[in-house]
file protein.txt (compact mmCIF, C-alpha atoms and all ligand atoms)
# COMPACT_ATOMS: atom_id res chain seq x y z
CA MET S 1424 46.91 -23.63 7.59
CA SER S 1425 49.24 -21.09 9.16
CA ILE S 1426 49.04 -17.34 9.30
CA LEU S 1427 51.58 -14.80 8.09
CA VAL S 1428 53.22 -12.53 10.65
CA LYS S 1429 55.84 -9.94 9.63
CA LYS S 1430 58.04 -8.85 12.57
CA SER S 1431 60.06 -6.13 10.86
CA ALA S 1432 60.53 -4.62 7.45
CA ARG S 1433 63.31 -7.08 6.58
CA ASP S 1434 61.82 -10.17 8.19
CA PRO S 1435 60.14 -12.65 5.99
CA ILE S 1436 56.53 -13.19 6.75
CA VAL S 1437 56.24 -16.09 9.22
CA LEU S 1438 53.29 -18.37 9.49
CA HIS S 1439 51.84 -19.16 12.93
CA PRO S 1440 49.24 -21.88 12.79
CA GLU S 1441 47.99 -21.29 16.35
CA MET S 1442 47.65 -17.56 16.07
CA HIS S 1443 44.13 -16.32 16.71
CA LEU S 1444 42.82 -13.66 14.38
CA PRO S 1445 39.65 -11.84 15.45
CA ARG S 1446 36.65 -12.43 13.25
CA TRP S 1447 35.24 -9.45 11.39
CA ASP S 1448 31.90 -9.59 13.15
CA SER S 1449 33.52 -9.57 16.59
CA VAL S 1450 35.73 -6.65 15.54
CA LEU S 1451 32.63 -4.77 14.45
CA GLU S 1452 30.79 -5.66 17.64
CA GLU S 1453 33.67 -4.38 19.75
CA ALA S 1454 33.88 -1.24 17.64
CA GLU S 1455 30.27 -0.50 18.41
CA GLN S 1456 29.72 1.17 21.74
CA ALA S 1457 28.02 -0.79 24.48
CA PRO S 1458 24.38 0.33 24.70
CA THR S 1459 23.73 2.88 27.43
CA ILE S 1460 20.89 2.25 29.87
CA LEU S 1461 19.65 4.95 32.22
CA ILE S 1462 17.93 3.71 35.37
CA VAL S 1463 15.65 6.29 36.98
CA ASP S 1464 14.48 5.19 40.42
CA ASP S 1465 14.54 7.03 43.75
CA ILE S 1466 15.20 3.80 45.70
CA GLU S 1467 18.87 2.94 45.60
CA LEU S 1468 18.28 -0.76 46.31
CA ASN S 1469 16.08 -1.06 43.19
CA ARG S 1470 18.78 0.51 41.05
CA ARG S 1471 21.39 -1.79 42.50
CA LEU S 1472 19.24 -4.88 41.90
CA LEU S 1473 18.62 -3.99 38.27
CA LYS S 1474 22.29 -3.22 37.70
CA ALA S 1475 23.18 -6.64 39.10
CA MET S 1476 20.68 -8.29 36.74
CA LEU S 1477 22.19 -6.53 33.75
CA LYS S 1478 25.78 -7.46 34.57
CA THR S 1479 25.54 -10.45 32.22
CA ALA S 1480 25.86 -8.16 29.19
CA ALA S 1481 28.19 -5.31 28.31
CA TYR S 1482 25.94 -2.38 29.10
CA ARG S 1483 26.94 1.06 30.19
CA ILE S 1484 24.65 1.84 33.10
CA LEU S 1485 23.82 5.36 34.26
CA GLU S 1486 21.70 6.09 37.31
CA ALA S 1487 19.42 8.88 38.47
CA ALA S 1488 17.48 9.07 41.72
CA ARG S 1489 15.31 11.92 40.46
CA PRO S 1490 13.69 12.80 37.13
CA SER S 1491 15.49 16.19 37.08
CA THR S 1492 18.86 14.40 37.36
CA ALA S 1493 17.78 12.02 34.58
CA ILE S 1494 16.85 14.93 32.32
CA GLY S 1495 20.30 16.46 32.92
CA ILE S 1496 21.93 13.15 31.94
CA LEU S 1497 19.76 12.86 28.81
CA GLU S 1498 20.89 16.31 27.72
CA ARG S 1499 24.55 15.31 27.98
CA GLU S 1500 24.63 11.63 27.09
CA LYS S 1501 23.49 9.39 24.26
CA VAL S 1502 21.11 7.00 26.02
CA ASP S 1503 19.70 3.90 24.28
CA LEU S 1504 17.12 2.81 26.87
CA VAL S 1505 15.48 4.32 29.93
CA VAL S 1506 14.16 2.19 32.79
CA VAL S 1507 11.89 4.32 34.94
CA ASP S 1508 9.86 3.66 38.07
CA LEU S 1509 6.16 4.48 38.12
CA VAL S 1510 6.29 6.31 41.45
CA MET S 1511 8.97 8.95 41.89
CA PRO S 1512 9.52 12.29 43.57
CA GLU S 1513 9.10 15.50 41.51
CA MET S 1514 6.97 13.84 38.84
CA SER S 1515 5.37 10.46 38.22
CA GLY S 1516 6.78 7.87 35.83
CA PRO S 1517 4.03 8.55 33.26
CA GLU S 1518 4.69 12.31 33.45
CA PHE S 1519 8.39 11.66 32.91
CA CYS S 1520 7.60 9.38 29.95
CA HIS S 1521 5.35 11.99 28.43
CA LEU S 1522 8.10 14.59 28.74
CA LEU S 1523 10.61 12.34 26.95
CA LYS S 1524 8.22 11.30 24.20
CA SER S 1525 7.21 14.88 23.43
CA ASP S 1526 10.80 16.05 23.00
CA ARG S 1527 12.28 15.47 19.56
CA ARG S 1528 15.72 14.72 21.02
CA THR S 1529 14.50 11.94 23.30
CA GLN S 1530 11.32 10.64 21.68
CA LEU S 1531 13.02 7.65 20.05
CA ILE S 1532 14.56 6.33 23.26
CA PRO S 1533 12.61 3.24 24.34
CA ILE S 1534 11.24 3.37 27.88
CA LEU S 1535 10.69 0.41 30.18
CA MET S 1536 8.45 1.32 33.11
CA THR S 1537 8.61 -0.70 36.31
CA THR S 1538 6.39 -0.66 39.39
CA SER S 1539 5.56 -2.57 42.50
CA VAL S 1540 2.05 -1.07 42.44
CA GLN S 1541 -0.26 -3.75 41.09
CA GLY S 1542 -3.17 -2.83 38.85
CA THR S 1543 -4.01 -2.75 35.17
CA GLU S 1544 -4.79 0.98 35.35
CA ASN S 1545 -1.10 1.70 36.16
CA GLU S 1546 0.03 -0.32 33.19
CA VAL S 1547 -2.46 1.46 30.95
CA ALA S 1548 -1.37 4.88 32.26
CA GLY S 1549 2.27 3.93 31.70
CA ILE S 1550 1.79 2.71 28.15
CA GLU S 1551 -0.51 5.64 27.30
CA SER S 1552 2.14 8.09 28.45
CA GLY S 1553 4.56 6.60 25.94
CA ALA S 1554 6.31 3.78 27.84
CA ASP S 1555 7.16 0.99 25.42
CA GLU S 1556 7.13 -1.84 27.97
CA PHE S 1557 5.85 -2.35 31.48
CA LEU S 1558 7.17 -4.79 34.14
CA ILE S 1559 5.90 -5.50 37.64
CA LYS S 1560 8.40 -5.73 40.52
CA PRO S 1561 9.98 -7.83 41.83
CA LEU S 1562 11.60 -8.17 38.42
CA GLN S 1563 12.36 -11.65 37.15
CA PRO S 1564 16.00 -11.40 36.02
CA ALA S 1565 15.52 -13.53 32.89
CA VAL S 1566 12.37 -11.64 31.86
CA ALA S 1567 13.91 -8.21 32.48
CA ARG S 1568 17.07 -9.13 30.58
CA THR S 1569 15.15 -10.55 27.58
CA ARG S 1570 12.83 -7.54 27.43
CA ILE S 1571 15.71 -5.09 27.62
CA ARG S 1572 17.68 -6.97 24.98
CA ALA S 1573 14.70 -6.91 22.61
CA MET S 1574 14.11 -3.19 23.19
CA LEU S 1575 17.76 -2.41 22.51
CA ARG S 1576 17.65 -4.47 19.33
CA ASN S 1577 14.71 -2.39 18.10
CA LYS S 1578 16.48 0.80 19.06
CA ALA S 1579 19.55 -0.25 17.04
CA LEU S 1580 17.28 -0.94 14.07
CA VAL S 1581 15.61 2.45 14.34
CA ASP S 1582 19.05 4.09 14.58
CA SER S 1583 20.27 2.34 11.44
CA LEU S 1584 17.10 3.23 9.51
CA GLU S 1585 17.47 6.81 10.59
CA GLU S 1586 21.10 6.75 9.46
CA ALA S 1587 20.16 5.26 6.07
CA GLU S 1588 17.54 7.94 5.54
CA THR S 1589 19.94 10.66 6.65
CA ILE S 1590 22.46 9.38 4.09
CA LEU S 1591 19.82 9.50 1.33
CA PHE S 1592 18.87 13.05 2.28
CA ALA S 1593 22.54 14.03 2.31
CA LEU S 1594 22.91 12.51 -1.18
CA ALA S 1595 19.89 14.48 -2.36
CA GLN S 1596 21.40 17.66 -0.94
CA SER S 1597 24.67 16.96 -2.72
CA VAL S 1598 22.74 16.70 -6.00
CA GLU S 1599 21.15 20.07 -5.28
CA HIS S 1600 24.47 21.64 -4.40
CA ARG S 1601 26.00 20.53 -7.71
CA ASP S 1602 23.76 23.11 -9.31
CA LYS S 1603 24.66 26.53 -7.94
CA TYR S 1604 21.57 28.09 -9.48
CA THR S 1605 19.13 26.04 -7.47
CA GLY S 1606 20.44 26.59 -3.91
CA MET S 1607 17.73 26.08 -1.25
CA HIS S 1608 15.45 24.77 -3.98
CA CYS S 1609 14.36 21.75 -1.90
CA GLN S 1610 13.61 23.83 1.18
CA ARG S 1611 11.38 26.12 -0.88
CA LEU S 1612 9.68 23.14 -2.46
CA THR S 1613 8.68 21.82 0.95
CA THR S 1614 7.02 25.17 1.71
CA TYR S 1615 5.13 25.35 -1.59
CA SER S 1616 4.13 21.71 -1.82
CA LEU S 1617 3.03 21.51 1.82
CA ALA S 1618 0.99 24.70 1.44
CA LEU S 1619 -0.83 23.06 -1.45
CA GLY S 1620 -1.10 19.72 0.35
CA GLN S 1621 -2.58 21.37 3.42
CA ALA S 1622 -5.01 23.42 1.31
CA LEU S 1623 -6.21 20.10 -0.12
CA GLY S 1624 -6.57 18.69 3.39
CA LEU S 1625 -4.18 15.81 2.76
CA PRO S 1626 -3.61 13.41 5.65
CA ARG S 1627 -0.39 13.78 7.62
CA GLN S 1628 1.21 10.71 6.03
CA GLU S 1629 0.81 12.25 2.58
CA GLN S 1630 2.11 15.59 3.79
CA LEU S 1631 5.12 13.74 5.14
CA ALA S 1632 5.61 12.10 1.73
CA LEU S 1633 5.53 15.57 0.15
CA TYR S 1634 8.13 16.78 2.60
CA ARG S 1635 10.42 13.86 1.81
CA GLY S 1636 9.64 14.05 -1.91
CA SER S 1637 10.64 17.70 -2.00
CA TYR S 1638 14.15 16.65 -1.04
CA LEU S 1639 14.38 13.33 -2.82
CA HIS S 1640 12.52 13.83 -6.13
CA ASP S 1641 15.68 14.56 -8.14
CA ILE S 1642 18.04 12.20 -6.31
CA GLY S 1643 18.36 10.19 -9.54
CA LYS S 1644 20.28 13.12 -11.04
CA ILE S 1645 23.26 11.86 -9.07
CA GLY S 1646 23.93 9.56 -12.02
CA ILE S 1647 23.57 12.23 -14.73
CA PRO S 1648 26.92 13.54 -16.07
CA ASP S 1649 27.62 17.25 -15.51
CA GLY S 1650 27.98 17.69 -19.27
CA ILE S 1651 24.29 16.91 -19.67
CA LEU S 1652 22.94 18.29 -16.39
CA PHE S 1653 24.53 21.71 -16.88
CA LYS S 1654 24.56 21.93 -20.66
CA ARG S 1655 23.64 25.45 -21.74
CA GLY S 1656 22.42 24.66 -25.22
CA LEU S 1657 19.68 22.27 -26.30
CA LEU S 1658 20.09 18.64 -25.34
CA THR S 1659 20.44 16.07 -28.11
CA ASP S 1660 17.87 13.26 -28.26
CA GLU S 1661 20.35 10.91 -26.65
CA GLU S 1662 21.11 13.39 -23.85
CA TRP S 1663 17.40 13.86 -23.22
CA GLN S 1664 17.01 10.12 -22.88
CA THR S 1665 19.75 10.10 -20.23
CA MET S 1666 18.23 13.09 -18.45
CA ARG S 1667 14.81 11.49 -18.30
CA LEU S 1668 16.29 8.45 -16.60
CA HIS S 1669 16.69 10.44 -13.37
CA THR S 1670 13.09 9.66 -12.46
CA ILE S 1671 13.61 5.91 -12.74
CA ARG S 1672 17.09 5.95 -11.20
CA GLY S 1673 15.76 7.98 -8.27
CA GLU S 1674 13.01 5.46 -7.67
CA GLU S 1675 15.56 2.63 -7.76
CA ILE S 1676 17.79 4.40 -5.22
CA CYS S 1677 14.96 4.91 -2.73
CA LYS S 1678 13.09 1.64 -3.30
CA PRO S 1679 15.04 -0.47 -0.79
CA MET S 1680 13.86 1.78 2.06
CA LYS S 1681 10.36 0.69 2.98
CA THR S 1682 9.64 3.94 4.82
CA LEU S 1683 10.08 5.76 1.50
CA ALA S 1684 7.39 3.74 -0.32
CA PRO S 1685 4.89 6.68 -0.31
CA VAL S 1686 7.56 8.92 -1.86
CA LEU S 1687 8.33 6.65 -4.84
CA PRO S 1688 5.38 7.82 -7.00
CA ILE S 1689 6.56 11.42 -6.53
CA ILE S 1690 10.09 10.55 -7.60
CA ARG S 1691 8.97 8.53 -10.61
CA SER S 1692 6.11 10.71 -11.87
CA HIS S 1693 7.05 14.33 -11.17
CA HIS S 1694 7.75 14.94 -14.89
CA GLU S 1695 4.51 13.50 -16.23
CA ARG S 1696 2.14 15.93 -17.96
CA TRP S 1697 -1.63 16.19 -17.61
CA ASP S 1698 -2.08 15.57 -21.37
CA GLY S 1699 0.11 12.44 -21.31
CA SER S 1700 3.12 14.02 -23.04
CA GLY S 1701 5.45 13.74 -20.03
CA TYR S 1702 7.87 11.03 -18.89
CA PRO S 1703 8.79 8.33 -17.94
CA ASP S 1704 5.44 6.52 -18.38
CA GLY S 1705 3.34 8.97 -20.40
CA LEU S 1706 0.62 8.96 -17.72
CA GLY S 1707 -2.27 11.36 -18.21
CA GLY S 1708 -4.77 13.23 -16.00
CA GLU S 1709 -5.51 11.61 -12.69
CA GLU S 1710 -3.41 8.59 -13.61
CA ILE S 1711 -0.54 10.80 -12.45
CA PRO S 1712 -0.29 10.37 -8.68
CA LEU S 1713 -1.70 13.44 -6.90
CA LEU S 1714 1.44 13.96 -4.82
CA ALA S 1715 3.56 14.00 -7.98
CA ARG S 1716 1.21 16.60 -9.52
CA ILE S 1717 1.49 18.76 -6.39
CA LEU S 1718 5.26 18.57 -6.35
CA GLN S 1719 5.38 19.40 -10.03
CA VAL S 1720 3.36 22.60 -9.53
CA ALA S 1721 5.70 23.62 -6.68
CA ASP S 1722 8.77 22.70 -8.75
CA ILE S 1723 7.69 24.73 -11.77
CA TYR S 1724 6.74 27.74 -9.67
CA ASP S 1725 10.17 27.71 -8.03
CA ALA S 1726 11.95 27.39 -11.38
CA LEU S 1727 9.97 30.41 -12.63
CA ILE S 1728 10.56 32.73 -9.67
CA THR S 1729 14.31 32.02 -9.40
CA ALA S 1730 17.00 33.18 -11.83
CA ARG S 1731 18.54 30.47 -14.01
CA PRO S 1732 21.37 30.76 -16.54
CA TYR S 1733 18.81 30.87 -19.32
CA LYS S 1734 16.23 33.21 -17.71
CA PRO S 1735 15.80 35.95 -15.11
CA ALA S 1736 13.72 35.48 -11.95
CA PHE S 1737 10.07 36.14 -12.81
CA SER S 1738 7.68 37.92 -10.48
CA HIS S 1739 5.10 35.89 -8.61
CA GLN S 1740 2.34 37.23 -10.84
CA HIS S 1741 4.21 36.45 -14.04
CA ALA S 1742 5.01 32.93 -12.80
CA ILE S 1743 1.37 32.26 -11.98
CA GLU S 1744 0.29 33.56 -15.41
CA ILE S 1745 2.73 31.22 -17.13
CA MET S 1746 1.50 28.29 -15.06
CA ILE S 1747 -2.14 29.06 -15.83
CA GLU S 1748 -1.25 29.26 -19.50
CA GLU S 1749 0.51 25.87 -19.24
CA ALA S 1750 -2.58 24.42 -17.55
CA ARG S 1751 -4.71 25.80 -20.42
CA ARG S 1752 -2.37 24.13 -22.88
CA GLY S 1753 -3.08 20.84 -21.14
CA TRP S 1754 0.31 20.32 -19.45
CA ARG S 1755 -0.67 20.89 -15.82
CA ASP S 1756 -3.49 19.85 -13.54
CA PRO S 1757 -6.22 22.44 -14.33
CA GLU S 1758 -7.50 22.44 -10.75
CA LEU S 1759 -4.25 22.43 -8.85
CA VAL S 1760 -2.74 25.46 -10.62
CA PRO S 1761 -5.57 27.90 -9.73
CA LEU S 1762 -5.61 26.51 -6.19
CA PHE S 1763 -1.87 27.13 -5.95
CA ALA S 1764 -2.41 30.69 -7.20
CA GLU S 1765 -4.94 31.16 -4.42
CA VAL S 1766 -2.80 29.61 -1.70
CA SER S 1767 0.21 31.78 -2.49
CA GLN S 1768 -0.13 35.42 -1.61
CA HIS S 1769 1.75 38.15 -3.31
CA SER S 1770 2.98 40.97 -1.09
CA SER S 1771 2.40 44.54 -2.17
CA ASP S 1772 6.06 45.41 -2.96
CA GLY S 1773 5.91 43.11 -5.91
CA GLU S 1774 9.21 41.43 -5.07
CA THR S 1775 8.71 39.15 -2.11
CA HIS S 1776 6.06 36.56 -1.49
CA SER S 1777 4.26 35.94 1.72
CA TRP S 1778 2.64 32.63 2.39
CA ALA S 1779 -0.59 32.10 4.18
CA GLY S 1780 0.15 30.85 7.70
CA THR S 1781 3.93 31.03 7.54
CA THR S 1782 4.23 30.36 11.27
CA SER S 1783 2.05 27.31 11.11
CA MET S 1784 4.06 26.25 8.06
CA GLN S 1785 7.24 26.40 10.14
CA GLU S 1786 5.55 24.40 12.87
CA SER S 1787 4.37 21.96 10.31
CA LEU S 1788 7.91 21.56 8.94
CA ASP S 1789 9.18 20.94 12.46
CA ASN S 1790 6.49 18.33 12.93
CA MET S 1791 7.46 16.71 9.65
CA ARG S 1792 11.08 16.50 10.72
CA ARG S 1793 9.95 14.96 13.99
CA GLU S 1794 7.90 12.42 12.05
CA LEU S 1795 10.96 11.64 9.95
CA SER S 1796 12.82 10.32 12.92
CA LYS S 1797 10.03 7.89 13.86
FE FE G 1801 13.23 16.07 -11.89
call {"tool": "encode", "arguments": {"input": "protein.txt", "output": "structure tokens"}}
result
Amino acid sequence: MSILVKKSARDPIVLHPEMHLPRWDSVLEEAEQAPTILIVDDIELNRRLLKAMLKTAAYRILEAARPSTAIGILEREKVDLVVVDLVMPEMSGPEFCHLLKSDRRTQLIPILMTTSVQGTENEVAGIESGADEFLIKPLQPAVARTRIRAMLRNKALVDSLEEAETILFALAQSVEHRDKYTGMHCQRLTTYSLALGQALGLPRQEQLALYRGSYLHDIGKIGIPDGILFKRGLLTDEEWQTMRLHTIRGEEICKPMKTLAPVLPIIRSHHERWDGSGYPDGLGGEEIPLLARILQVADIYDALITARPYKPAFSHQHAIEIMIEEARRGWRDPELVPLFAEVSQHSSDGETHSWAGTTSMQESLDNMRRELSK
């Protein structure tokens, strides 16, 4: 079969059987940047040897003879892999690793540590400091190349997962921004739900799920028409049915991402009620996942203390009274609501709210964000 080539606007399209068209996958491969490897070694010969070994693939190689130079490069460049020697001037390889792994900007870069110093204790020290792989010199070219290729493959996977999650979070934010009355709602939810989660002594993984759930719980609203989402009057039965679907749609959107598995119960069940009258499954009491109950308390509190088209912003005290009343009516978890009232502190001016351990809360949020990129 021949291929159509059009030379000018008037020319007919001509077929050239021998013409080579690039395949899509090779176009994509070329479009992607060659992975960048940073070699940190004070001995020039070592750097040269490793560079020669890596010539077989299209890598962009950067070099640093000192850790301080390497740190400067890492601040400027996007690096996909660091190869570092165990013994260096200024600081040791493990110290350098530790520095990289404790910085949010560099913690996801895989590190291959090399050394000519034999001994298991060096390998242990290297791995314990955060190095992902360890190789003894002289390096075997085939082994070094295979190891580096595998590490870069993992890095690419982590990058794409991070991108997918970032896209989901951006989608969730766009849902929030559709509603001008709920600006910063998700950020406030993280504060309230984490305060409650920490008061309950939840493990870090569950706190992380609360953090993610605060942003993603209403992502299913992306499919709800504005006419229903922002309707001022009462919703018809049919409209309510559509509205309620946001819990199930949200779960479906996030399900393909395995890292979001702990968040799915929050997304699905944050509108259940303690007495079983909620949706979508009519769960009751402790059948409702704890994290969903926590998020619900935070969500309701935020709705009460912020102004909406149909109500003014209530004071903290008034909001808590309403929530306690709702718990008495059987709608909310009767233990979580009083605990929430205790955790939140009302400042004396009656307008603003201070939260126990705000600084540690900020730290905790930073930690959560760090966890997110793992
Ligand atoms: Fe919701």
call {"tool": "closest_residue", "arguments": {"input": "protein.txt", "among": "S:Met1574, S:Val1506, S:Met1536, S:Ile1645", "to": "ligand FE 1801 (chain G)", "atoms": "all atoms listed in the file"}}
result
S:Ile1645
call {"tool": "closest_atom_pairs", "arguments": {"input": "protein.txt", "of": "chain S", "to": "ligand FE 1801 (chain G)", "cutoff": "10 Å", "atoms": "all atoms listed in the file", "output": "Markdown table"}}
result
| residue | atom | partner | partner_atom | distance |
| --- | --- | --- | --- | --- |
| S:Leu1639 | CA | G:FE1801 | FE | 9.5 |
| S:His1640 | CA | G:FE1801 | FE | 6.2 |
| S:Asp1641 | CA | G:FE1801 | FE | 4.7 |
| S:Ile1642 | CA | G:FE1801 | FE | 8.3 |
| S:Gly1643 | CA | G:FE1801 | FE | 8.1 |
| S:Lys1644 | CA | G:FE1801 | FE | 7.7 |
| S:Met1666 | CA | G:FE1801 | FE | 8.8 |
| S:Arg1667 | CA | G:FE1801 | FE | 8.0 |
| S:Leu1668 | CA | G:FE1801 | FE | 9.5 |
| S:His1669 | CA | G:FE1801 | FE | 6.8 |
| S:Thr1670 | CA | G:FE1801 | FE | 6.4 |
| S:Gly1673 | CA | G:FE1801 | FE | 9.2 |
| S:Ile1689 | CA | G:FE1801 | FE | 9.7 |
| S:Ile1690 | CA | G:FE1801 | FE | 7.7 |
| S:Arg1691 | CA | G:FE1801 | FE | 8.8 |
| S:Ser1692 | CA | G:FE1801 | FE | 8.9 |
| S:His1693 | CA | G:FE1801 | FE | 6.5 |
| S:His1694 | CA | G:FE1801 | FE | 6.3 |
| S:Gln1719 | CA | G:FE1801 | FE | 8.7 |
| S:Asp1722 | CA | G:FE1801 | FE | 8.6 |
call {"tool": "closest_residue", "arguments": {"input": "protein.txt", "among": "S:Thr1682, S:Arg1755, S:Gly1516, S:Arg1655", "to": "Pro1732 in chain S", "atoms": "only C-alpha atoms"}}
result
S:Arg1655
call {"tool": "atom_distance", "arguments": {"input": "protein.txt", "atom1": "CA of Pro1703 in chain S", "atom2": "CA of Glu1758 in chain S"}}
result
22.7 Å
call {"tool": "closest_residue", "arguments": {"input": "protein.txt", "among": "S:Trp1754, S:Tyr1634, S:Ser1491, S:Pro1626", "to": "Gly1707 in chain S", "atoms": "all atoms listed in the file"}}
result
S:Trp1754
call {"tool": "closest_residue", "arguments": {"input": "protein.txt", "among": "S:Glu1695, S:Asp1555, S:Glu1544, S:Asp1725", "to": "Leu1612 in chain S", "atoms": "all atoms listed in the file"}}
result
S:Asp1725
call {"tool": "closest_residue", "arguments": {"input": "protein.txt", "among": "S:Ala1579, S:Ile1559, S:Ala1684, S:Ile1484", "to": "Val1505 in chain S", "atoms": "all atoms listed in the file"}}
result
S:Ile1484
call {"tool": "atom_distance", "arguments": {"input": "protein.txt", "atom1": "CA of Ala1493 in chain S", "atom2": "CA of Leu1558 in chain S"}}
result
19.9 Å
